[in-house]
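S.K.: Okay, so here is final-v3.cif, and as you'll see once you scroll down, it has mmCIF, C-alpha atoms.
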data_target
#
loop_
_atom_site.group_PDB
_atom_site.id
_atom_site.type_symbol
_atom_site.label_atom_id
_atom_site.label_comp_id
_atom_site.auth_asym_id
_atom_site.auth_seq_id
_atom_site.Cartn_x
_atom_site.Cartn_y
_atom_site.Cartn_z
ATOM 1 C CA MET A 1 18.792 8.753 13.235
ATOM 2 C CA PRO A 2 16.108 9.178 15.946
ATOM 3 C CA ARG A 3 12.523 8.785 14.863
ATOM 4 C CA PRO A 4 10.363 11.941 14.976
ATOM 5 C CA PRO A 5 7.934 12.309 17.900
ATOM 6 C CA VAL A 6 4.420 10.978 17.496
ATOM 7 C CA GLU A 7 1.741 13.640 17.170
ATOM 8 C CA PRO A 8 -1.915 13.098 18.146
ATOM 9 C CA MET A 9 -3.862 11.153 15.509
ATOM 10 C CA SER A 10 -7.315 12.061 14.286
ATOM 11 C CA THR A 11 -9.774 9.263 14.941
ATOM 12 C CA THR A 12 -12.126 9.927 12.041
ATOM 13 C CA ILE A 13 -12.072 10.409 8.288
ATOM 14 C CA SER A 14 -14.872 12.311 6.589
ATOM 15 C CA PHE A 15 -16.222 11.047 3.272
ATOM 16 C CA PRO A 16 -17.963 12.776 0.334
ATOM 17 C CA THR A 17 -21.712 13.043 0.853
ATOM 18 C CA ASP A 18 -22.445 12.435 -2.831
ATOM 19 C CA ASN A 19 -22.133 8.702 -3.448
ATOM 20 C CA LEU A 20 -21.575 9.275 -7.160
ATOM 21 C CA LYS A 21 -18.340 11.092 -6.336
ATOM 22 C CA LEU A 22 -17.136 7.992 -4.467
ATOM 23 C CA SER A 23 -17.539 5.695 -7.481
ATOM 24 C CA PRO A 24 -16.389 2.953 -7.874
ATOM 25 C CA LEU A 25 -16.231 2.632 -4.083
ATOM 26 C CA LEU A 26 -19.194 0.951 -2.412
ATOM 27 C CA ILE A 27 -20.760 2.250 0.819
ATOM 28 C CA ASN A 28 -21.250 0.241 3.996
ATOM 29 C CA PRO A 29 -24.950 0.851 4.855
ATOM 30 C CA ARG A 30 -24.236 0.508 8.593
ATOM 31 C CA SER A 31 -21.212 2.761 8.974
ATOM 32 C CA GLY A 32 -21.200 4.839 5.779
ATOM 33 C CA GLU A 33 -17.599 3.754 5.232
ATOM 34 C CA PRO A 34 -16.436 3.449 1.585
ATOM 35 C CA TYR A 35 -14.813 0.209 0.444
ATOM 36 C CA LEU A 36 -13.789 -1.940 -2.483
ATOM 37 C CA GLN A 37 -15.025 -5.534 -2.541
ATOM 38 C CA LEU A 38 -13.028 -8.405 -3.967
ATOM 39 C CA PRO A 39 -14.780 -10.654 -6.510
ATOM 40 C CA ALA A 40 -15.685 -14.300 -5.933
ATOM 41 C CA PRO A 41 -14.430 -16.471 -4.401
ATOM 42 C CA HIS A 42 -13.157 -13.727 -2.066
ATOM 43 C CA GLU A 43 -16.295 -11.579 -1.835
ATOM 44 C CA ASN A 44 -15.975 -11.661 1.972
ATOM 45 C CA ILE A 45 -12.783 -9.591 1.661
ATOM 46 C CA ILE A 46 -13.005 -5.798 1.432
ATOM 47 C CA ILE A 47 -10.524 -2.904 1.308
ATOM 48 C CA THR A 48 -11.378 0.128 3.461
ATOM 49 C CA PRO A 49 -9.701 3.235 4.830
ATOM 50 C CA PHE A 50 -7.362 2.637 7.770
ATOM 51 C CA ARG A 51 -8.958 2.814 11.216
ATOM 52 C CA PRO A 52 -7.147 3.818 14.445
ATOM 53 C CA GLU A 53 -8.070 0.494 16.027
ATOM 54 C CA ASP A 54 -6.045 -1.297 13.318
ATOM 55 C CA VAL A 55 -2.767 -0.212 14.931
ATOM 56 C CA ASP A 56 -2.520 -3.067 17.434
ATOM 57 C CA SER A 57 -3.024 -5.713 14.755
ATOM 58 C CA MET A 58 -0.559 -4.001 12.445
ATOM 59 C CA VAL A 59 2.102 -3.886 15.153
ATOM 60 C CA LYS A 60 1.599 -7.602 15.795
ATOM 61 C CA PHE A 61 1.998 -8.418 12.093
ATOM 62 C CA MET A 62 5.087 -6.199 11.715
ATOM 63 C CA ASN A 63 6.812 -8.163 14.489
ATOM 64 C CA ASP A 64 5.889 -11.557 13.017
ATOM 65 C CA GLU A 65 8.803 -13.120 11.123
ATOM 66 C CA ARG A 66 6.371 -14.629 8.617
ATOM 67 C CA VAL A 67 5.505 -11.058 7.593
ATOM 68 C CA TYR A 68 8.504 -8.792 8.181
ATOM 69 C CA SER A 69 11.028 -11.159 6.574
ATOM 70 C CA PHE A 70 9.463 -10.324 3.185
ATOM 71 C CA LEU A 71 9.447 -6.550 3.785
ATOM 72 C CA GLY A 72 12.377 -4.215 3.522
ATOM 73 C CA GLY A 73 11.444 -1.029 5.276
ATOM 74 C CA PRO A 74 9.627 -1.344 8.614
ATOM 75 C CA PRO A 75 11.743 -0.616 11.678
ATOM 76 C CA PHE A 76 12.414 -3.633 13.844
ATOM 77 C CA PRO A 77 11.290 -4.217 16.452
ATOM 78 C CA TYR A 78 8.152 -2.390 15.385
ATOM 79 C CA THR A 79 6.664 -0.382 18.249
ATOM 80 C CA HIS A 80 3.179 0.913 18.945
ATOM 81 C CA GLU A 81 4.531 4.427 18.388
ATOM 82 C CA ASP A 82 5.767 3.358 14.945
ATOM 83 C CA GLY A 83 2.279 2.096 14.181
ATOM 84 C CA VAL A 84 0.613 5.308 15.322
ATOM 85 C CA ARG A 85 3.070 7.400 13.312
ATOM 86 C CA TRP A 86 2.461 5.405 10.140
ATOM 87 C CA SER A 87 -1.292 5.302 10.713
ATOM 88 C CA LYS A 88 -1.433 9.057 11.070
ATOM 89 C CA SER A 89 0.251 9.507 7.687
ATOM 90 C CA VAL A 90 -2.052 6.971 6.001
ATOM 91 C CA MET A 91 -5.220 8.543 7.424
ATOM 92 C CA GLU A 92 -4.095 12.049 6.457
ATOM 93 C CA ARG A 93 -3.414 10.804 2.936
ATOM 94 C CA SER A 94 -6.849 9.166 2.696
ATOM 95 C CA GLN A 95 -8.546 12.321 3.954
ATOM 96 C CA SER A 96 -6.737 14.399 1.337
ATOM 97 C CA LEU A 97 -7.876 12.045 -1.430
ATOM 98 C CA PHE A 98 -11.475 12.062 -0.194
ATOM 99 C CA ARG A 99 -11.412 15.882 -0.271
ATOM 100 C CA CYS A 100 -10.302 15.736 -3.895
ATOM 101 C CA MET A 101 -13.224 13.414 -4.610
ATOM 102 C CA GLU A 102 -15.592 15.815 -2.859
ATOM 103 C CA ASP A 103 -14.255 18.564 -5.126
ATOM 104 C CA GLY A 104 -15.243 16.446 -8.124
ATOM 105 C CA ASN A 105 -11.741 15.637 -9.394
ATOM 106 C CA GLN A 106 -11.808 12.929 -12.055
ATOM 107 C CA PHE A 107 -8.299 11.633 -11.381
ATOM 108 C CA LEU A 108 -6.600 11.217 -8.002
ATOM 109 C CA ASP A 109 -2.986 10.711 -6.952
ATOM 110 C CA GLY A 110 -3.560 7.494 -5.020
ATOM 111 C CA CYS A 111 -6.221 5.262 -3.521
ATOM 112 C CA PRO A 112 -8.007 6.280 -0.278
ATOM 113 C CA VAL A 113 -8.669 2.674 0.786
ATOM 114 C CA SER A 114 -5.822 0.343 1.767
ATOM 115 C CA SER A 115 -6.815 -1.808 4.768
ATOM 116 C CA ILE A 116 -7.711 -5.386 3.832
ATOM 117 C CA ARG A 117 -10.455 -6.923 5.985
ATOM 118 C CA GLU A 118 -12.307 -10.187 6.264
ATOM 119 C CA VAL A 119 -16.053 -9.731 6.756
ATOM 120 C CA PHE A 120 -18.043 -12.262 8.780
ATOM 121 C CA GLU A 121 -21.680 -13.320 8.377
ATOM 122 C CA ASP A 122 -22.817 -11.016 11.203
ATOM 123 C CA GLY A 123 -21.331 -7.986 9.407
ATOM 124 C CA SER A 124 -18.328 -7.602 11.699
ATOM 125 C CA ASP A 125 -14.861 -7.601 10.206
ATOM 126 C CA VAL A 126 -11.213 -8.035 11.125
ATOM 127 C CA TYR A 127 -8.090 -6.320 9.811
ATOM 128 C CA ILE A 128 -5.882 -8.815 7.941
ATOM 129 C CA GLY A 129 -3.432 -6.721 5.941
ATOM 130 C CA ASP A 130 -2.693 -3.741 3.769
ATOM 131 C CA ILE A 131 -2.192 -2.773 0.124
ATOM 132 C CA THR A 132 -1.212 0.665 -1.137
ATOM 133 C CA ILE A 133 -0.496 2.220 -4.527
ATOM 134 C CA GLY A 134 1.321 5.519 -5.050
ATOM 135 C CA ARG A 135 3.934 7.226 -7.181
ATOM 136 C CA GLU A 136 7.344 5.631 -7.510
ATOM 137 C CA THR A 137 10.080 7.779 -5.977
ATOM 138 C CA PRO A 138 13.015 8.955 -8.137
ATOM 139 C CA GLU A 139 15.455 7.965 -5.367
ATOM 140 C CA ARG A 140 15.083 4.329 -6.368
ATOM 141 C CA THR A 141 18.347 2.923 -7.714
ATOM 142 C CA TRP A 142 16.601 1.520 -10.815
ATOM 143 C CA ILE A 143 14.759 4.668 -11.910
ATOM 144 C CA GLY A 144 15.646 5.637 -15.477
ATOM 145 C CA PRO A 145 16.023 9.163 -16.864
ATOM 146 C CA GLU A 146 12.462 9.119 -18.209
ATOM 147 C CA ASP A 147 11.106 8.964 -14.644
ATOM 148 C CA VAL A 148 13.372 11.344 -12.708
ATOM 149 C CA ASP A 149 10.587 13.962 -12.697
ATOM 150 C CA ASN A 150 7.939 11.432 -11.673
ATOM 151 C CA LEU A 151 6.862 13.362 -8.573
ATOM 152 C CA LYS A 152 6.447 16.592 -10.544
ATOM 153 C CA LYS A 153 4.008 15.315 -13.149
ATOM 154 C CA PRO A 154 0.398 16.523 -12.881
ATOM 155 C CA VAL A 155 -2.229 14.196 -11.441
ATOM 156 C CA GLY A 156 -3.682 11.998 -14.177
ATOM 157 C CA ASP A 157 -0.609 12.170 -16.408
ATOM 158 C CA PRO A 158 -0.506 8.747 -18.139
ATOM 159 C CA THR A 159 3.314 8.690 -18.020
ATOM 160 C CA ILE A 160 3.422 8.636 -14.187
ATOM 161 C CA LEU A 161 5.169 5.544 -12.842
ATOM 162 C CA TYR A 162 3.306 4.088 -9.866
ATOM 163 C CA THR A 163 4.393 1.466 -7.400
ATOM 164 C CA VAL A 164 2.645 -0.846 -4.983
ATOM 165 C CA GLY A 165 3.459 0.303 -1.490
ATOM 166 C CA GLY A 166 3.848 3.999 -0.589
ATOM 167 C CA MET A 167 7.632 3.671 -0.588
ATOM 168 C CA SER A 168 8.768 7.282 -0.370
ATOM 169 C CA GLN A 169 6.926 7.930 2.882
ATOM 170 C CA LEU A 170 9.127 5.594 4.888
ATOM 171 C CA PHE A 171 12.172 7.769 5.293
ATOM 172 C CA ARG A 172 9.924 10.760 5.893
ATOM 173 C CA PHE A 173 8.235 9.172 8.895
ATOM 174 C CA PHE A 174 10.937 6.834 10.170
ATOM 175 C CA GLY A 175 14.081 8.761 9.283
ATOM 176 C CA LEU A 176 15.417 5.966 7.069
ATOM 177 C CA LYS A 177 18.157 6.187 4.476
ATOM 178 C CA LYS A 178 17.190 6.595 0.840
ATOM 179 C CA ARG A 179 18.033 2.975 0.120
ATOM 180 C CA ASN A 180 15.399 1.926 2.662
ATOM 181 C CA LEU A 181 12.548 2.646 0.281
ATOM 182 C CA ILE A 182 10.564 -0.567 0.608
ATOM 183 C CA SER A 183 7.205 -0.171 2.252
ATOM 184 C CA LEU A 184 5.743 -1.921 5.251
ATOM 185 C CA GLN A 185 2.618 -2.145 3.141
ATOM 186 C CA ASP A 186 1.294 -4.937 0.901
ATOM 187 C CA TYR A 187 1.152 -7.765 3.361
ATOM 188 C CA LEU A 188 -1.340 -10.233 4.791
ATOM 189 C CA ALA A 189 -1.727 -11.850 8.185
ATOM 190 C CA PRO A 190 0.020 -15.249 8.167
ATOM 191 C CA THR A 191 -3.377 -16.898 8.764
ATOM 192 C CA HIS A 192 -4.457 -15.685 5.315
ATOM 193 C CA HIS A 193 -1.388 -16.592 3.273
ATOM 194 C CA ARG A 194 -1.600 -18.867 0.227
ATOM 195 C CA ARG A 195 -5.317 -18.345 -0.387
ATOM 196 C CA GLY A 196 -5.055 -16.117 -3.462
ATOM 197 C CA ILE A 197 -6.267 -13.088 -1.494
ATOM 198 C CA MET A 198 -3.356 -10.749 -2.198
ATOM 199 C CA SER A 199 -3.314 -11.317 -5.955
ATOM 200 C CA THR A 200 -7.078 -10.722 -6.078
ATOM 201 C CA ALA A 201 -6.752 -7.590 -3.933
ATOM 202 C CA LEU A 202 -4.017 -6.239 -6.189
ATOM 203 C CA ARG A 203 -6.059 -6.958 -9.313
ATOM 204 C CA THR A 204 -9.071 -5.227 -7.723
ATOM 205 C CA ILE A 205 -7.038 -2.131 -6.839
ATOM 206 C CA ILE A 206 -5.670 -1.929 -10.385
ATOM 207 C CA ASP A 207 -8.869 -2.659 -12.324
ATOM 208 C CA GLU A 208 -11.434 -0.967 -10.098
ATOM 209 C CA TRP A 209 -9.419 2.029 -8.947
ATOM 210 C CA ALA A 210 -5.972 2.703 -10.427
ATOM 211 C CA ILE A 211 -6.996 2.607 -14.089
ATOM 212 C CA PRO A 212 -10.300 4.544 -13.914
ATOM 213 C CA ARG A 213 -9.532 6.947 -11.023
ATOM 214 C CA MET A 214 -5.757 7.495 -11.384
ATOM 215 C CA ASN A 215 -5.281 7.005 -15.139
ATOM 216 C CA CYS A 216 -2.578 4.551 -14.131
ATOM 217 C CA GLN A 217 -0.709 2.937 -17.032
ATOM 218 C CA ARG A 218 2.504 1.626 -15.395
ATOM 219 C CA ILE A 219 3.294 0.071 -12.020
ATOM 220 C CA THR A 220 6.535 -1.306 -10.588
ATOM 221 C CA ALA A 221 6.876 -3.874 -7.825
ATOM 222 C CA THR A 222 9.799 -5.500 -6.043
ATOM 223 C CA ALA A 223 10.452 -8.674 -4.093
ATOM 224 C CA PHE A 224 13.609 -9.895 -2.433
ATOM 225 C CA VAL A 225 15.659 -12.169 -4.664
ATOM 226 C CA GLY A 226 14.480 -15.688 -3.921
ATOM 227 C CA ASN A 227 10.998 -14.651 -2.772
ATOM 228 C CA VAL A 228 9.207 -16.916 -5.218
ATOM 229 C CA ALA A 229 5.788 -16.502 -3.580
ATOM 230 C CA SER A 230 5.660 -12.712 -3.960
ATOM 231 C CA VAL A 231 6.922 -12.868 -7.533
ATOM 232 C CA GLY A 232 4.165 -15.374 -8.244
ATOM 233 C CA VAL A 233 1.543 -12.996 -6.834
ATOM 234 C CA PHE A 234 2.698 -10.184 -9.122
ATOM 235 C CA LYS A 235 2.958 -12.379 -12.204
ATOM 236 C CA LYS A 236 -0.541 -13.710 -11.586
ATOM 237 C CA VAL A 237 -1.818 -10.142 -11.945
ATOM 238 C CA GLY A 238 0.145 -9.473 -15.141
ATOM 239 C CA PHE A 239 3.466 -8.091 -13.902
ATOM 240 C CA GLU A 240 6.548 -9.147 -15.842
ATOM 241 C CA HIS A 241 10.053 -9.614 -14.482
ATOM 242 C CA VAL A 242 12.294 -6.794 -15.741
ATOM 243 C CA ARG A 243 15.614 -7.573 -14.067
ATOM 244 C CA ASP A 244 17.291 -8.202 -10.731
ATOM 245 C CA VAL A 245 18.862 -5.239 -8.917
ATOM 246 C CA SER A 246 21.850 -6.030 -6.717
ATOM 247 C CA ASP A 247 22.264 -4.385 -3.293
ATOM 248 C CA ALA A 248 19.131 -2.332 -3.833
ATOM 249 C CA MET A 249 18.354 -1.515 -0.201
ATOM 250 C CA ASN A 250 19.500 -1.729 3.383
ATOM 251 C CA LEU A 251 17.464 -3.686 5.868
ATOM 252 C CA PRO A 252 16.663 -1.860 9.131
ATOM 253 C CA SER A 253 19.449 -1.999 11.712
ATOM 254 C CA GLY A 254 17.287 -4.202 13.919
ATOM 255 C CA ARG A 255 17.422 -6.859 11.203
ATOM 256 C CA GLY A 256 21.134 -6.533 10.499
ATOM 257 C CA GLY A 257 21.229 -3.450 8.279
ATOM 258 C CA HIS A 258 22.796 -5.351 5.390
ATOM 259 C CA LEU A 259 22.139 -4.854 1.686
ATOM 260 C CA MET A 260 19.484 -6.893 -0.106
ATOM 261 C CA SER A 261 18.967 -7.507 -3.815
ATOM 262 C CA VAL A 262 15.515 -7.460 -5.398
ATOM 263 C CA HIS A 263 13.546 -8.746 -8.343
ATOM 264 C CA LEU A 264 12.124 -5.769 -10.254
ATOM 265 C CA LEU A 265 8.769 -6.317 -11.966
ATOM 266 C CA GLU A 266 6.539 -4.044 -14.015
ATOM 267 C CA TRP A 267 2.895 -3.991 -15.040
ATOM 268 C CA VAL A 268 1.811 -2.076 -18.151
ATOM 269 C CA CYS A 269 -1.818 -1.366 -18.989
ATOM 270 C CA LYS A 270 -2.916 -3.149 -22.155
#
Would you mind giving the structure from this file in C-alpha cells?
M.R.:
Amino acid sequence: MPRPPVEPMSTTISFPTDNLKLSPLLINPRSGEPYLQLPAPHENIIITPFRPEDVDSMVKFMNDERVYSFLGGPPFPYTHEDGVRWSKSVMERSQSLFRCMEDGNQFLDGCPVSSIREVFEDGSDVYIGDITIGRETPERTWIGPEDVDNLKKPVGDPTILYTVGGMSQLFRFFGLKKRNLISLQDYLAPTHHRRGIMSTALRTIIDEWAIPRMNCQRITATAFVGNVASVGVFKKVGFEHVRDVSDAMNLPSGRGGHLMSVHLLEWVCK
C-alpha cells in the first residue's frame, strides 16, 4: 500500500501561559519549552516535545540496525519523508494535549513530551531517543473482551489500558496492516544504550505524568521473543511478564515481512 503524501509541518508548538497548568512539567527558562527531568544519576536527561530539527537524527536512528532490529513497525528503509510524516502527527498530538492543559483539564489522554535529550553544561542539548505512552488499540491480537472498547472510554477512566509507544498511529500514517502495530517509538541512540536511561525515563513518565495527569492504572508493553535487554528494562520498572504471543505481527516488507512473536508484559499501579 503506498504511503500517504507528506503535508507541510508546523514548526512551532504553543504552550499554556499559566505554569501551574503545565504541572508537573518544568519550564526551560531560556526557551519556555516544557520538559520532564530524569532523577539522579540521569539529571542531565530531559524529555521534551518533538522539534522539527529532530527529524534528521530520528531518520538516522531508524536506519541503524542496532535500533530498528528491536522495533516492529517502522518502514525500512526509513526515509526523510517518513520522518516528517511521523513528526507531524507527534507535534499535532502534543499541541492538542497542551490545548487541553490550557483549558484546565485535570486528566489528559497522553503525554505531550516524548523526545529524550541529553543536556550539556552549556545548556545545549541533543536528541537521543523517544518514549511515548498512549491507549492500547483493540486490534492487538492479545486484547481481551474487557478492553475491546478501550478507545471509547472517557479520558481519565481508570480502566483504560495504556501502552508504551503510540502503536495505533502506525497504520494510519504509514498504511500498515493491523498486525504491524508496534511503534517506532521507545528507543535510544546506540551511543546511550546500557546506561539505565530508558528504564529511568519510563519510570519518570509513569510516576511524574501517567499516574497524576492521565489517571493511568494499567500499561502493556511488548518485546520480541528473545529480546532480553528490553524485557529487563520493563521489569526494572515493575512490569511483569504475562505470556508470549506467537506470530503477533508482521515486520515491514523491507525487513522480510515475516511474522514475529512477542513477550507481553503488563504494569499495574499499586
S.K.: Once the PyMOL selection byres ((chain A and resi 126-133) around 9) has been evaluated on this model, what residues remain selected, and can you format them as a PDB file with C-alpha atoms, keeping the file's coordinate frame?
M.R.:
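Final output, out.pdb:
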ATOM      1  CA  ILE A  47     -10.524  -2.904   1.308  1.00  0.00           C
ATOM      2  CA  PHE A  50      -7.362   2.637   7.770  1.00  0.00           C
ATOM      3  CA  ASP A  54      -6.045  -1.297  13.318  1.00  0.00           C
ATOM      4  CA  SER A  57      -3.024  -5.713  14.755  1.00  0.00           C
ATOM      5  CA  MET A  58      -0.559  -4.001  12.445  1.00  0.00           C
ATOM      6  CA  PHE A  61       1.998  -8.418  12.093  1.00  0.00           C
ATOM      7  CA  GLY A 110      -3.560   7.494  -5.020  1.00  0.00           C
ATOM      8  CA  CYS A 111      -6.221   5.262  -3.521  1.00  0.00           C
ATOM      9  CA  PRO A 112      -8.007   6.280  -0.278  1.00  0.00           C
ATOM     10  CA  VAL A 113      -8.669   2.674   0.786  1.00  0.00           C
ATOM     11  CA  SER A 114      -5.822   0.343   1.767  1.00  0.00           C
ATOM     12  CA  SER A 115      -6.815  -1.808   4.768  1.00  0.00           C
ATOM     13  CA  ILE A 116      -7.711  -5.386   3.832  1.00  0.00           C
ATOM     14  CA  ARG A 117     -10.455  -6.923   5.985  1.00  0.00           C
ATOM     15  CA  GLU A 118     -12.307 -10.187   6.264  1.00  0.00           C
ATOM     16  CA  VAL A 119     -16.053  -9.731   6.756  1.00  0.00           C
ATOM     17  CA  PHE A 120     -18.043 -12.262   8.780  1.00  0.00           C
ATOM     18  CA  SER A 124     -18.328  -7.602  11.699  1.00  0.00           C
ATOM     19  CA  ASP A 125     -14.861  -7.601  10.206  1.00  0.00           C
ATOM     20  CA  GLY A 134       1.321   5.519  -5.050  1.00  0.00           C
ATOM     21  CA  ARG A 135       3.934   7.226  -7.181  1.00  0.00           C
ATOM     22  CA  TYR A 162       3.306   4.088  -9.866  1.00  0.00           C
ATOM     23  CA  THR A 163       4.393   1.466  -7.400  1.00  0.00           C
ATOM     24  CA  VAL A 164       2.645  -0.846  -4.983  1.00  0.00           C
ATOM     25  CA  GLY A 165       3.459   0.303  -1.490  1.00  0.00           C
ATOM     26  CA  GLY A 166       3.848   3.999  -0.589  1.00  0.00           C
ATOM     27  CA  LEU A 184       5.743  -1.921   5.251  1.00  0.00           C
ATOM     28  CA  GLN A 185       2.618  -2.145   3.141  1.00  0.00           C
ATOM     29  CA  ASP A 186       1.294  -4.937   0.901  1.00  0.00           C
ATOM     30  CA  TYR A 187       1.152  -7.765   3.361  1.00  0.00           C
ATOM     31  CA  LEU A 188      -1.340 -10.233   4.791  1.00  0.00           C
ATOM     32  CA  ALA A 189      -1.727 -11.850   8.185  1.00  0.00           C
ATOM     33  CA  PRO A 190       0.020 -15.249   8.167  1.00  0.00           C
ATOM     34  CA  THR A 191      -3.377 -16.898   8.764  1.00  0.00           C
ATOM     35  CA  HIS A 192      -4.457 -15.685   5.315  1.00  0.00           C
ATOM     36  CA  MET A 198      -3.356 -10.749  -2.198  1.00  0.00           C
ATOM     37  CA  ALA A 201      -6.752  -7.590  -3.933  1.00  0.00           C
ATOM     38  CA  LEU A 202      -4.017  -6.239  -6.189  1.00  0.00           C
ATOM     39  CA  ILE A 205      -7.038  -2.131  -6.839  1.00  0.00           C
ATOM     40  CA  ILE A 206      -5.670  -1.929 -10.385  1.00  0.00           C
ATOM     41  CA  ALA A 210      -5.972   2.703 -10.427  1.00  0.00           C
ATOM     42  CA  ILE A 219       3.294   0.071 -12.020  1.00  0.00           C
TER      43      ILE A 219
END
S.K.: Find the distance between CA of Ile45 (chain A) and CA of His80 (chain A) and write it in Å to one decimal.
M.R.: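 Here the two named atoms are 25.8 Å from each other.
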S.K.: What does the distance between CA of Asn63 (chain A) and CA of Gly257 (chain A) come to in Å, to one decimal place?
M.R.: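 So the answer is 16.4 Å.
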S.K.: Work out how far CA of Ser87 (chain A) is from CA of Pro52 (chain A), in Å to one decimal.
M.R.: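 Distance between the two atoms: 7.1 Å.
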S.K.: Report as a PyMOL selection string the residues that result from applying the PyMOL selection byres ((chain A and resi 216) around 9) to the structure here.
M.R.: chain A and resi 156-162+206+209-215+217-219+268-269
S.K.: Got a sec: who's within 12 Å of Leu97 (chain A), counting all atoms listed in the file, leaving out chain neighbours fewer than 6 positions off, as an NGL selection string?
M.R.: :A and (13-16 or 21-22 or 49 or 90-91 or 103-113 or 134 or 155 or 213-214)
S.K.: Since I can't run it myself right now, could you work out what the PyMOL selection byres ((chain A and resi 32) around 12) selects here and report it as JSON, numbers by chain?
M.R.: {"A": [13, 14, 15, 16, 17, 18, 19, 22, 25, 26, 27, 28, 29, 30, 31, 33, 34, 35, 48, 49]}
S.K.: Can you tell me, as an MDAnalysis selection string, what residues are no more than 9 Å from Trp267 (chain A) when counting all atoms listed in the file, ignoring any on the same chain fewer than 5 positions away?
M.R.: chainID A and resid 217:221 234:235 237:240
S.K.: As a ChimeraX atom specification, please: the residues near Pro138 (chain A) (cut-off 7 Å, only C-alpha atoms, same-chain neighbours under 6 positions excluded).
M.R.: /A:147-148,150
S.K.: Is it possible to get the axis-aligned box enclosing region 99-110 of chain A (all listed atoms, 8 Å extra per side) as JSON, with centre and edge lengths in Å rounded to one decimal?
M.R.:
{"center_x": -9.3, "center_y": 13.0, "center_z": -6.2, "size_x": 28.6, "size_y": 27.1, "size_z": 27.8}
S.K.: Just checking: using only C-alpha atoms, which residue out of A:Thr141, A:Val84, A:Ala229, A:Asp207 ends up closest to Arg195 (chain A)?
M.R.: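 Smallest distance to Arg195 (chain A) is found for A:Ala229.
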S.K.: Can you work out which one of A:Met101, A:Ile143, A:Arg255, A:Leu264 has the shortest atom-to-atom distance to Glu65 (chain A), counting all atoms listed in the file?
M.R.: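 Closest candidate: A:Arg255.
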S.K.: Output region 15-27 of chain A with N, CA and C atoms present, as a compact mmCIF listing (two decimals), in the coordinates of the input.
M.R.:
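Okay, this is what ended up in part_22.txt:
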# COMPACT_ATOMS: atom_id res chain seq x y z
N PHE A 15 -16.07 11.52 4.64
CA PHE A 15 -16.22 11.05 3.27
C PHE A 15 -17.16 11.98 2.49
N PRO A 16 -17.04 11.99 1.16
CA PRO A 16 -17.96 12.78 0.33
C PRO A 16 -19.41 12.37 0.61
N THR A 17 -20.30 13.33 0.60
CA THR A 17 -21.71 13.04 0.85
C THR A 17 -22.43 12.57 -0.40
N ASP A 18 -21.86 12.86 -1.56
CA ASP A 18 -22.44 12.44 -2.83
C ASP A 18 -21.84 11.09 -3.21
N ASN A 19 -22.65 10.04 -3.16
CA ASN A 19 -22.13 8.70 -3.45
C ASN A 19 -21.56 8.57 -4.86
N LEU A 20 -22.08 9.34 -5.80
CA LEU A 20 -21.58 9.28 -7.16
C LEU A 20 -20.11 9.70 -7.22
N LYS A 21 -19.73 10.64 -6.35
CA LYS A 21 -18.34 11.09 -6.34
C LYS A 21 -17.40 10.03 -5.78
N LEU A 22 -17.95 9.06 -5.05
CA LEU A 22 -17.14 7.99 -4.47
C LEU A 22 -16.91 6.83 -5.44
N SER A 23 -17.64 6.80 -6.52
CA SER A 23 -17.54 5.70 -7.48
C SER A 23 -16.08 5.48 -7.91
N PRO A 24 -15.64 4.21 -7.96
CA PRO A 24 -16.39 2.95 -7.87
C PRO A 24 -16.46 2.35 -6.47
N LEU A 25 -16.15 3.15 -5.44
CA LEU A 25 -16.23 2.63 -4.08
C LEU A 25 -17.68 2.33 -3.71
N LEU A 26 -17.88 1.27 -2.97
CA LEU A 26 -19.19 0.95 -2.41
C LEU A 26 -19.31 1.59 -1.03
N ILE A 27 -20.53 1.62 -0.48
CA ILE A 27 -20.76 2.25 0.82
C ILE A 27 -21.34 1.23 1.79
